[in-house]
$ cat final-v9.txt   # compact mmCIF, N, CA and C atoms and all ligand atoms
# COMPACT_ATOMS: atom_id res chain seq x y z
N MET A 1359 0.84 -1.19 0.00
CA MET A 1359 0.00 0.00 0.00
C MET A 1359 0.88 1.25 0.00
N LYS A 1360 0.46 2.26 -0.73
CA LYS A 1360 1.27 3.48 -0.86
C LYS A 1360 1.14 4.39 0.36
N SER A 1361 1.95 5.45 0.36
CA SER A 1361 1.94 6.37 1.50
C SER A 1361 0.65 7.20 1.51
N VAL A 1362 0.38 7.81 2.66
CA VAL A 1362 -0.81 8.64 2.82
C VAL A 1362 -0.84 9.76 1.78
N GLU A 1363 0.34 10.36 1.52
CA GLU A 1363 0.42 11.48 0.57
C GLU A 1363 0.05 11.02 -0.84
N VAL A 1364 0.62 9.88 -1.25
CA VAL A 1364 0.35 9.36 -2.60
C VAL A 1364 -1.12 8.94 -2.73
N LEU A 1365 -1.64 8.31 -1.70
CA LEU A 1365 -3.05 7.88 -1.74
C LEU A 1365 -3.98 9.09 -1.83
N THR A 1366 -3.64 10.14 -1.09
CA THR A 1366 -4.44 11.36 -1.13
C THR A 1366 -4.50 11.91 -2.55
N GLU A 1367 -3.35 11.96 -3.22
CA GLU A 1367 -3.32 12.43 -4.61
C GLU A 1367 -4.13 11.52 -5.53
N GLN A 1368 -3.99 10.21 -5.34
CA GLN A 1368 -4.71 9.27 -6.20
C GLN A 1368 -6.22 9.40 -6.01
N PHE A 1369 -6.65 9.57 -4.77
CA PHE A 1369 -8.08 9.72 -4.51
C PHE A 1369 -8.60 11.00 -5.18
N ARG A 1370 -7.84 12.09 -5.03
CA ARG A 1370 -8.27 13.36 -5.62
C ARG A 1370 -8.31 13.27 -7.13
N ALA A 1371 -7.31 12.58 -7.71
CA ALA A 1371 -7.26 12.43 -9.17
C ALA A 1371 -8.48 11.68 -9.68
N ARG A 1372 -9.07 10.85 -8.85
CA ARG A 1372 -10.26 10.10 -9.25
C ARG A 1372 -11.55 10.80 -8.85
N GLY A 1373 -11.41 12.01 -8.36
CA GLY A 1373 -12.59 12.76 -7.96
C GLY A 1373 -13.19 12.28 -6.65
N LEU A 1374 -12.41 11.54 -5.87
CA LEU A 1374 -12.91 11.07 -4.57
C LEU A 1374 -12.52 12.07 -3.50
N LYS A 1375 -13.40 12.20 -2.53
CA LYS A 1375 -13.19 13.15 -1.45
C LYS A 1375 -12.10 12.63 -0.51
N VAL A 1376 -11.19 13.53 -0.11
CA VAL A 1376 -10.21 13.13 0.90
C VAL A 1376 -10.37 14.03 2.12
N THR A 1377 -10.82 13.44 3.21
CA THR A 1377 -11.03 14.17 4.44
C THR A 1377 -9.95 13.74 5.44
N PRO A 1378 -9.78 14.51 6.51
CA PRO A 1378 -8.83 14.07 7.55
C PRO A 1378 -9.19 12.68 8.09
N GLN A 1379 -10.50 12.37 8.11
CA GLN A 1379 -10.94 11.04 8.55
C GLN A 1379 -10.38 9.96 7.63
N ARG A 1380 -10.54 10.20 6.34
CA ARG A 1380 -10.03 9.22 5.37
C ARG A 1380 -8.52 9.08 5.48
N GLN A 1381 -7.84 10.21 5.69
CA GLN A 1381 -6.38 10.13 5.80
C GLN A 1381 -5.95 9.33 7.03
N SER A 1382 -6.72 9.45 8.11
CA SER A 1382 -6.32 8.64 9.27
C SER A 1382 -6.62 7.16 9.04
N ILE A 1383 -7.61 6.87 8.20
CA ILE A 1383 -7.85 5.47 7.82
C ILE A 1383 -6.69 4.96 6.95
N PHE A 1384 -6.23 5.79 6.02
CA PHE A 1384 -5.06 5.41 5.21
C PHE A 1384 -3.89 5.06 6.13
N ARG A 1385 -3.66 5.95 7.11
CA ARG A 1385 -2.53 5.75 8.02
C ARG A 1385 -2.68 4.46 8.80
N ALA A 1386 -3.88 4.24 9.33
CA ALA A 1386 -4.12 3.05 10.15
C ALA A 1386 -3.92 1.78 9.33
N LEU A 1387 -4.37 1.82 8.08
CA LEU A 1387 -4.25 0.61 7.26
C LEU A 1387 -2.83 0.41 6.75
N SER A 1388 -2.17 1.51 6.33
CA SER A 1388 -0.87 1.33 5.68
C SER A 1388 0.19 0.88 6.67
N SER A 1389 0.01 1.21 7.94
CA SER A 1389 1.03 0.81 8.92
C SER A 1389 0.66 -0.49 9.62
N SER A 1390 -0.40 -1.13 9.17
CA SER A 1390 -0.89 -2.29 9.90
C SER A 1390 -0.35 -3.60 9.34
N THR A 1391 0.04 -4.48 10.24
CA THR A 1391 0.50 -5.81 9.80
C THR A 1391 -0.41 -6.90 10.37
N VAL A 1392 -1.52 -6.48 11.02
CA VAL A 1392 -2.36 -7.47 11.72
C VAL A 1392 -3.58 -7.91 10.91
N HIS A 1393 -3.70 -7.42 9.66
CA HIS A 1393 -4.84 -7.78 8.82
C HIS A 1393 -6.14 -7.41 9.51
N PRO A 1394 -6.34 -6.10 9.73
CA PRO A 1394 -7.47 -5.66 10.55
C PRO A 1394 -8.83 -5.83 9.87
N THR A 1395 -9.85 -5.93 10.69
CA THR A 1395 -11.23 -5.89 10.20
C THR A 1395 -11.64 -4.42 10.12
N ALA A 1396 -12.75 -4.15 9.44
CA ALA A 1396 -13.26 -2.78 9.38
C ALA A 1396 -13.55 -2.27 10.80
N GLU A 1397 -14.07 -3.15 11.63
CA GLU A 1397 -14.43 -2.75 13.00
C GLU A 1397 -13.19 -2.36 13.80
N SER A 1398 -12.08 -3.11 13.63
CA SER A 1398 -10.90 -2.78 14.41
C SER A 1398 -10.23 -1.50 13.89
N VAL A 1399 -10.32 -1.24 12.58
CA VAL A 1399 -9.81 0.03 12.05
C VAL A 1399 -10.65 1.17 12.61
N TYR A 1400 -11.96 0.97 12.62
CA TYR A 1400 -12.87 1.97 13.16
C TYR A 1400 -12.53 2.27 14.62
N ALA A 1401 -12.33 1.22 15.40
CA ALA A 1401 -12.02 1.40 16.83
C ALA A 1401 -10.71 2.18 17.00
N ALA A 1402 -9.70 1.85 16.18
CA ALA A 1402 -8.40 2.52 16.31
C ALA A 1402 -8.49 3.98 15.88
N VAL A 1403 -9.16 4.24 14.75
CA VAL A 1403 -9.19 5.60 14.20
C VAL A 1403 -10.11 6.51 15.02
N SER A 1404 -11.17 5.95 15.59
CA SER A 1404 -12.12 6.80 16.31
C SER A 1404 -11.53 7.36 17.60
N VAL A 1405 -10.38 6.84 18.03
CA VAL A 1405 -9.70 7.41 19.20
C VAL A 1405 -9.25 8.84 18.88
N GLU A 1406 -8.62 9.04 17.70
CA GLU A 1406 -8.19 10.38 17.34
C GLU A 1406 -9.25 11.16 16.54
N MET A 1407 -10.19 10.43 15.95
CA MET A 1407 -11.23 11.05 15.13
C MET A 1407 -12.60 10.60 15.62
N PRO A 1408 -13.08 11.17 16.71
CA PRO A 1408 -14.33 10.66 17.30
C PRO A 1408 -15.55 10.82 16.39
N THR A 1409 -15.45 11.68 15.37
CA THR A 1409 -16.61 11.92 14.50
C THR A 1409 -16.69 10.91 13.35
N ILE A 1410 -15.72 10.02 13.25
CA ILE A 1410 -15.70 9.09 12.13
C ILE A 1410 -16.82 8.06 12.26
N SER A 1411 -17.31 7.59 11.11
CA SER A 1411 -18.34 6.55 11.16
C SER A 1411 -17.80 5.25 10.57
N LEU A 1412 -18.41 4.17 10.99
CA LEU A 1412 -18.01 2.86 10.47
C LEU A 1412 -18.23 2.81 8.96
N ARG A 1413 -19.27 3.51 8.52
CA ARG A 1413 -19.59 3.59 7.11
C ARG A 1413 -18.44 4.20 6.30
N THR A 1414 -17.81 5.26 6.85
CA THR A 1414 -16.66 5.88 6.19
C THR A 1414 -15.50 4.89 6.09
N VAL A 1415 -15.32 4.10 7.15
CA VAL A 1415 -14.25 3.09 7.12
C VAL A 1415 -14.52 2.09 6.00
N TYR A 1416 -15.76 1.61 5.91
CA TYR A 1416 -16.11 0.65 4.85
C TYR A 1416 -15.90 1.25 3.47
N GLN A 1417 -16.36 2.49 3.29
CA GLN A 1417 -16.25 3.13 1.98
C GLN A 1417 -14.79 3.32 1.57
N THR A 1418 -13.98 3.80 2.51
CA THR A 1418 -12.57 4.06 2.22
C THR A 1418 -11.86 2.76 1.88
N ARG A 1419 -12.17 1.75 2.66
CA ARG A 1419 -11.58 0.43 2.46
C ARG A 1419 -11.97 -0.14 1.09
N ASN A 1420 -13.23 0.02 0.72
CA ASN A 1420 -13.67 -0.47 -0.60
C ASN A 1420 -13.01 0.30 -1.73
N ASP A 1421 -12.84 1.62 -1.54
CA ASP A 1421 -12.16 2.43 -2.56
C ASP A 1421 -10.71 1.98 -2.70
N LEU A 1422 -10.04 1.74 -1.57
CA LEU A 1422 -8.65 1.30 -1.61
C LEU A 1422 -8.53 -0.07 -2.27
N ALA A 1423 -9.48 -0.96 -1.98
CA ALA A 1423 -9.46 -2.29 -2.59
C ALA A 1423 -9.68 -2.18 -4.09
N ALA A 1424 -10.61 -1.28 -4.50
CA ALA A 1424 -10.90 -1.10 -5.93
C ALA A 1424 -9.68 -0.54 -6.66
N MET A 1425 -8.85 0.24 -5.95
CA MET A 1425 -7.64 0.80 -6.56
C MET A 1425 -6.47 -0.17 -6.49
N GLY A 1426 -6.69 -1.32 -5.91
CA GLY A 1426 -5.63 -2.32 -5.82
C GLY A 1426 -4.61 -2.04 -4.75
N GLU A 1427 -4.96 -1.19 -3.76
CA GLU A 1427 -4.01 -0.87 -2.70
C GLU A 1427 -4.14 -1.79 -1.49
N LEU A 1428 -5.17 -2.59 -1.49
CA LEU A 1428 -5.45 -3.47 -0.37
C LEU A 1428 -6.01 -4.75 -0.95
N SER A 1429 -5.80 -5.86 -0.28
CA SER A 1429 -6.58 -7.03 -0.69
C SER A 1429 -7.46 -7.46 0.47
N ALA A 1430 -8.61 -8.00 0.12
CA ALA A 1430 -9.56 -8.49 1.11
C ALA A 1430 -9.33 -9.98 1.26
N LEU A 1431 -9.24 -10.44 2.50
CA LEU A 1431 -8.99 -11.85 2.77
C LEU A 1431 -10.13 -12.42 3.59
N ASP A 1432 -10.56 -13.61 3.22
CA ASP A 1432 -11.46 -14.34 4.10
C ASP A 1432 -10.75 -15.64 4.44
N LEU A 1433 -10.18 -15.68 5.62
CA LEU A 1433 -9.40 -16.86 6.02
C LEU A 1433 -10.13 -17.66 7.08
N GLY A 1434 -11.46 -17.54 7.09
CA GLY A 1434 -12.26 -18.36 7.99
C GLY A 1434 -12.24 -17.90 9.43
N THR A 1435 -11.87 -16.62 9.67
CA THR A 1435 -11.84 -16.13 11.05
C THR A 1435 -13.16 -15.45 11.43
N GLY A 1436 -14.13 -15.44 10.50
CA GLY A 1436 -15.44 -14.89 10.84
C GLY A 1436 -15.68 -13.50 10.29
N SER A 1437 -14.63 -12.83 9.83
CA SER A 1437 -14.84 -11.52 9.20
C SER A 1437 -13.78 -11.29 8.14
N THR A 1438 -14.11 -10.41 7.20
CA THR A 1438 -13.17 -10.07 6.14
C THR A 1438 -12.02 -9.28 6.74
N ARG A 1439 -10.82 -9.61 6.33
CA ARG A 1439 -9.64 -8.96 6.87
C ARG A 1439 -8.94 -8.21 5.73
N PHE A 1440 -8.24 -7.14 6.08
CA PHE A 1440 -7.61 -6.33 5.06
C PHE A 1440 -6.11 -6.37 5.13
N ASP A 1441 -5.51 -6.52 3.97
CA ASP A 1441 -4.08 -6.74 3.90
C ASP A 1441 -3.44 -5.69 2.99
N PRO A 1442 -2.67 -4.75 3.59
CA PRO A 1442 -2.00 -3.75 2.76
C PRO A 1442 -0.71 -4.29 2.14
N ASN A 1443 -0.31 -5.48 2.51
CA ASN A 1443 0.92 -6.08 1.97
C ASN A 1443 0.61 -6.68 0.61
N LEU A 1444 1.07 -6.02 -0.46
CA LEU A 1444 0.71 -6.45 -1.80
C LEU A 1444 1.74 -7.38 -2.43
N GLU A 1445 2.82 -7.65 -1.68
CA GLU A 1445 3.80 -8.62 -2.17
C GLU A 1445 3.23 -10.02 -1.99
N PRO A 1446 3.60 -10.96 -2.88
CA PRO A 1446 3.12 -12.33 -2.67
C PRO A 1446 3.63 -12.85 -1.32
N HIS A 1447 2.72 -13.39 -0.54
CA HIS A 1447 3.12 -13.94 0.76
C HIS A 1447 2.09 -14.94 1.25
N HIS A 1448 2.43 -15.61 2.33
CA HIS A 1448 1.56 -16.64 2.90
C HIS A 1448 1.07 -16.16 4.27
N HIS A 1449 0.16 -16.93 4.87
CA HIS A 1449 -0.41 -16.50 6.14
C HIS A 1449 -0.39 -17.58 7.21
N LEU A 1450 -0.20 -17.10 8.45
CA LEU A 1450 -0.29 -17.95 9.63
C LEU A 1450 -1.58 -17.54 10.35
N VAL A 1451 -2.52 -18.44 10.48
CA VAL A 1451 -3.82 -18.10 11.07
C VAL A 1451 -3.97 -18.84 12.39
N CYS A 1452 -4.23 -18.08 13.47
CA CYS A 1452 -4.42 -18.70 14.79
C CYS A 1452 -5.88 -19.10 14.96
N ASP A 1453 -6.11 -20.38 15.20
CA ASP A 1453 -7.47 -20.88 15.39
C ASP A 1453 -8.07 -20.42 16.71
N ASP A 1454 -7.23 -20.04 17.67
CA ASP A 1454 -7.74 -19.64 18.98
C ASP A 1454 -8.18 -18.18 19.00
N CYS A 1455 -7.30 -17.26 18.60
CA CYS A 1455 -7.63 -15.83 18.73
C CYS A 1455 -7.94 -15.17 17.40
N GLY A 1456 -7.74 -15.90 16.28
CA GLY A 1456 -8.06 -15.32 14.98
C GLY A 1456 -7.01 -14.38 14.44
N SER A 1457 -5.83 -14.32 15.09
CA SER A 1457 -4.80 -13.43 14.57
C SER A 1457 -4.25 -13.99 13.25
N ILE A 1458 -3.83 -13.08 12.38
CA ILE A 1458 -3.27 -13.47 11.08
C ILE A 1458 -1.93 -12.78 10.92
N ALA A 1459 -0.89 -13.55 10.66
CA ALA A 1459 0.43 -12.98 10.45
C ALA A 1459 0.91 -13.33 9.05
N ASP A 1460 1.73 -12.43 8.49
CA ASP A 1460 2.31 -12.70 7.18
C ASP A 1460 3.48 -13.66 7.33
N LEU A 1461 3.67 -14.46 6.31
CA LEU A 1461 4.84 -15.33 6.27
C LEU A 1461 5.50 -15.16 4.91
N GLN A 1462 6.75 -14.69 4.94
CA GLN A 1462 7.51 -14.57 3.70
C GLN A 1462 8.38 -15.81 3.61
N ALA A 1463 8.03 -16.69 2.72
CA ALA A 1463 8.82 -17.92 2.57
C ALA A 1463 8.58 -18.48 1.19
N GLU A 1464 9.53 -19.25 0.71
CA GLU A 1464 9.40 -19.87 -0.60
C GLU A 1464 9.08 -21.34 -0.39
N PHE A 1465 8.14 -21.84 -1.19
CA PHE A 1465 7.83 -23.27 -1.16
C PHE A 1465 7.95 -23.79 -2.58
N PRO A 1466 9.21 -24.00 -3.01
CA PRO A 1466 9.42 -24.32 -4.43
C PRO A 1466 8.78 -25.65 -4.86
N GLY A 1467 8.52 -26.52 -3.90
CA GLY A 1467 7.97 -27.83 -4.27
C GLY A 1467 6.47 -27.81 -4.47
N VAL A 1468 5.81 -26.68 -4.14
CA VAL A 1468 4.35 -26.63 -4.21
C VAL A 1468 3.90 -26.33 -5.64
N ALA A 1469 3.20 -27.28 -6.24
CA ALA A 1469 2.69 -27.09 -7.60
C ALA A 1469 1.54 -28.06 -7.81
N VAL A 1470 0.61 -27.70 -8.68
CA VAL A 1470 -0.47 -28.64 -8.98
C VAL A 1470 0.09 -29.71 -9.91
N PRO A 1471 -0.26 -30.96 -9.67
CA PRO A 1471 0.23 -32.02 -10.54
C PRO A 1471 -0.39 -31.90 -11.93
N PRO A 1472 0.36 -32.25 -12.94
CA PRO A 1472 -0.19 -32.16 -14.30
C PRO A 1472 -1.34 -33.15 -14.49
N GLY A 1473 -2.28 -32.78 -15.35
CA GLY A 1473 -3.40 -33.67 -15.65
C GLY A 1473 -4.43 -33.68 -14.54
N GLY A 1474 -5.35 -34.59 -14.62
CA GLY A 1474 -6.38 -34.72 -13.59
C GLY A 1474 -7.22 -33.47 -13.45
N GLU A 1475 -7.58 -33.14 -12.21
CA GLU A 1475 -8.45 -31.98 -11.95
C GLU A 1475 -7.80 -30.69 -12.41
N ALA A 1476 -6.45 -30.66 -12.42
CA ALA A 1476 -5.75 -29.42 -12.74
C ALA A 1476 -5.56 -29.22 -14.25
N GLU A 1477 -6.02 -30.17 -15.04
CA GLU A 1477 -5.85 -30.08 -16.50
C GLU A 1477 -6.38 -28.75 -17.03
N GLY A 1478 -5.51 -28.02 -17.70
CA GLY A 1478 -5.94 -26.76 -18.30
C GLY A 1478 -5.98 -25.59 -17.34
N PHE A 1479 -5.73 -25.84 -16.07
CA PHE A 1479 -5.78 -24.75 -15.10
C PHE A 1479 -4.48 -23.96 -15.13
N GLU A 1480 -4.60 -22.65 -15.27
CA GLU A 1480 -3.42 -21.80 -15.33
C GLU A 1480 -3.20 -21.16 -13.96
N VAL A 1481 -2.13 -21.52 -13.29
CA VAL A 1481 -1.84 -20.98 -11.96
C VAL A 1481 -1.21 -19.60 -12.08
N THR A 1482 -1.81 -18.62 -11.41
CA THR A 1482 -1.21 -17.28 -11.42
C THR A 1482 -0.63 -16.91 -10.05
N ALA A 1483 -1.09 -17.56 -9.00
CA ALA A 1483 -0.56 -17.28 -7.67
C ALA A 1483 -0.82 -18.47 -6.77
N THR A 1484 0.05 -18.65 -5.81
CA THR A 1484 -0.13 -19.72 -4.83
C THR A 1484 -0.01 -19.12 -3.44
N GLU A 1485 -1.06 -19.27 -2.65
CA GLU A 1485 -1.02 -18.76 -1.28
C GLU A 1485 -1.27 -19.91 -0.33
N ILE A 1486 -0.40 -20.03 0.65
CA ILE A 1486 -0.53 -21.13 1.60
C ILE A 1486 -0.98 -20.57 2.94
N VAL A 1487 -2.00 -21.20 3.52
CA VAL A 1487 -2.51 -20.79 4.83
C VAL A 1487 -2.13 -21.86 5.84
N PHE A 1488 -1.35 -21.47 6.83
CA PHE A 1488 -0.99 -22.37 7.92
C PHE A 1488 -1.94 -22.09 9.07
N ARG A 1489 -2.62 -23.12 9.55
CA ARG A 1489 -3.53 -22.94 10.68
C ARG A 1489 -2.91 -23.57 11.92
N GLY A 1490 -3.19 -22.94 13.04
CA GLY A 1490 -2.64 -23.49 14.28
C GLY A 1490 -2.86 -22.50 15.41
N ARG A 1491 -1.85 -22.35 16.28
CA ARG A 1491 -1.94 -21.43 17.39
C ARG A 1491 -0.76 -20.48 17.34
N CYS A 1492 -1.05 -19.19 17.51
CA CYS A 1492 0.02 -18.20 17.51
C CYS A 1492 0.87 -18.40 18.77
N ALA A 1493 2.04 -17.76 18.80
CA ALA A 1493 2.96 -17.93 19.92
C ALA A 1493 2.29 -17.55 21.25
N ARG A 1494 1.48 -16.48 21.19
CA ARG A 1494 0.83 -16.02 22.42
C ARG A 1494 -0.16 -17.06 22.94
N CYS A 1495 -0.99 -17.59 22.03
CA CYS A 1495 -1.98 -18.59 22.45
C CYS A 1495 -1.30 -19.90 22.84
N ALA A 1496 -0.29 -20.29 22.10
CA ALA A 1496 0.41 -21.53 22.44
C ALA A 1496 1.08 -21.39 23.80
N GLY A 1497 1.62 -20.19 24.08
CA GLY A 1497 2.29 -19.94 25.35
C GLY A 1497 1.33 -19.88 26.52
N ALA A 1498 0.07 -19.52 26.24
CA ALA A 1498 -0.92 -19.39 27.30
C ALA A 1498 -1.43 -20.75 27.77
N ARG A 1499 -1.14 -21.77 26.98
CA ARG A 1499 -1.60 -23.11 27.37
C ARG A 1499 -0.60 -23.74 28.31
N PRO A 1500 -1.07 -24.34 29.39
CA PRO A 1500 -0.12 -24.98 30.29
C PRO A 1500 0.63 -26.10 29.57
N SER A 1501 1.92 -26.03 29.64
CA SER A 1501 2.74 -27.02 28.95
C SER A 1501 3.87 -27.44 29.88
N PRO A 1502 3.62 -28.46 30.71
CA PRO A 1502 4.62 -28.85 31.73
C PRO A 1502 5.94 -29.30 31.13
N ALA A 1503 5.93 -29.69 29.86
CA ALA A 1503 7.16 -30.18 29.26
C ALA A 1503 8.15 -29.04 28.99
N ARG A 1504 7.61 -27.81 28.91
CA ARG A 1504 8.47 -26.69 28.58
C ARG A 1504 8.71 -25.85 29.80
N PRO A 1505 9.92 -25.36 30.01
CA PRO A 1505 10.18 -24.47 31.16
C PRO A 1505 9.40 -23.17 30.98
N SER A 1506 8.85 -22.66 32.05
CA SER A 1506 8.08 -21.42 31.94
C SER A 1506 9.02 -20.23 31.97
N HIS A 1507 8.60 -19.16 31.34
CA HIS A 1507 9.40 -17.94 31.35
C HIS A 1507 8.45 -16.75 31.34
N ASP A 1508 8.94 -15.59 31.76
CA ASP A 1508 8.08 -14.42 31.80
C ASP A 1508 8.23 -13.59 30.54
ZN ZN A 1601 -3.65 -16.76 18.94
ZN ZN A 1602 -0.92 -10.76 4.62
$ encode --input "final-v9.txt" --output "structure tokens" --more "lines below"
Ligand SMILES: [Zn+2]
Ligand SMILES: [Zn+2]
Amino acid sequence: MKSVEVLTEQFRARGLKVTPQRQSIFRALSSSTVHPTAESVYAAVSVEMPTISLRTVYQTRNDLAAMGELSALDLGTGSTRFDPNLEPHHHLVCDDCGSIADLQAEFPGVAVPPGGEAEGFEVTATEIVFRGRCARCAGARPSPARPSHD
């Protein structure tokens, strides 16, 4: 996702309104690595912008997605999540708390086998979702085998 300044220019060039509210949404999204929901962006931005509405968050987010600055993810956590990281990457999804982290890694062996169901299918991207428990959730579980630490 581009900087707040560049996004402001792009929005104006398209005849879209840019308000201080929208700019704080740009900031909240562009600096985020947690794949926030619209509700969590709203909660974060409304601290400094109490007049903002959830509707503005949705609209801004949809405009950014339409411009290709964000991707929308549904990774089975119960709500659509937003990802400003436009580089190809994979995800680590915590089944306990629903946190989503980026994973930059290469999996050169991953490919659809020729023929069969994949016959004629043209692969343009491969995204791998790892499900499990994040370090925080895994650490919160009593594990007598591991020494405890603070
Ligand atoms: Zn977790
Ligand atoms: Zn991501």
$ residues_near_ligand --input "final-v9.txt" --ligand "ligand ZN 1602 (chain A)" --cutoff "7 Å" --atoms "all atoms listed in the file" --output "PyMOL selection string"
chain A and resi 1391+1393+1440-1443+1447-1449+1458-1461
$ closest_residue --input "final-v9.txt" --among "A:Val1392, A:Ala1371, A:Leu1422, A:Leu1428" --to "ligand ZN 1601 (chain A)" --atoms "only C-alpha atoms and all ligand atoms"
A:Val1392
$ residues_around --input "final-v9.txt" --residues "Arg1489 in chain A" --least-positions-apart "2" --cutoff "5 Å" --atoms "all atoms listed in the file" --output "list of chain:residue names"
A:Val1451, A:Val1487, A:Arg1491
$ residues_near_ligand --input "final-v9.txt" --ligand "ligand ZN 1601 (chain A)" --cutoff "8 Å" --atoms "all atoms listed in the file" --output "number ranges by chain"
A: 1451-1458, 1490-1496
$ closest_residue --input "final-v9.txt" --among "A:Met1359, A:Gly1478, A:Ala1498, A:Asp1421" --to "Lys1375 in chain A" --atoms "only C-alpha atoms"
A:Asp1421
$ atom_distance --input "final-v9.txt" --atom1 "CA of Glu1485 in chain A" --atom2 "CA of Pro1446 in chain A"
7.8 Å
$ atom_distance --input "final-v9.txt" --atom1 "atom C of Glu1406 in chain A" --atom2 "atom N of Ser1361 in chain A"
20.5 Å
$ atom_distance --input "final-v9.txt" --atom1 "CA of Ser1388 in chain A" --atom2 "CA of Glu1427 in chain A"
9.2 Å
$ closest_residue --input "final-v9.txt" --among "A:Val1405, A:Tyr1400, A:Ile1383, A:Thr1438" --to "Thr1418 in chain A" --atoms "all atoms listed in the file"
A:Ile1383
$ residues_near_point --input "final-v9.txt" --point "(-14.0, 14.0, 9.4)" --cutoff "6.5 Å" --atoms "only N, CA and C atoms" --output "list in words"
Thr1377, Pro1378, Gln1379, Arg1380, Thr1409 and Ile1410 of chain A
$ closest_residue --input "final-v9.txt" --among "A:Arg1370, A:Arg1439, A:Arg1413, A:Lys1360" --to "Pro1394 in chain A" --atoms "only C-alpha atoms"
A:Arg1439
$ closest_residue --input "final-v9.txt" --among "A:Ser1437, A:Ser1390, A:Leu1450, A:Val1362" --to "Ile1486 in chain A" --atoms "only N, CA and C atoms"
A:Leu1450
$ select_by_dssp --input "final-v9.txt" --residues "chain A" --states "strand (DSSP E)" --output "PyMOL selection string"
chain A and resi 1429-1431+1439-1441+1448-1452+1458-1461+1487-1490
$ select_by_dssp --input "final-v9.txt" --residues "chain A" --states "helix (DSSP H, G or I)" --output "VMD selection string"
chain A and resid 1362 to 1371 1378 to 1388 1396 to 1406 1412 to 1424 1474 to 1476 1493 to 1498
$ residues_around --input "final-v9.txt" --residues "range 1401-1404 of chain A" --least-positions-apart "4" --cutoff "10 Å" --atoms "only C-alpha atoms" --output "PyMOL selection string"
chain A and resi 1379-1387+1395-1397+1408-1412+1415
$ axis_aligned_box --input "final-v9.txt" --around "range 1363-1372 of chain A" --padding-each-side "3 Å" --output "JSON"
{"center_x": -5.5, "center_y": 10.6, "center_z": -4.1, "size_x": 18.2, "size_y": 11.5, "size_z": 17.2}
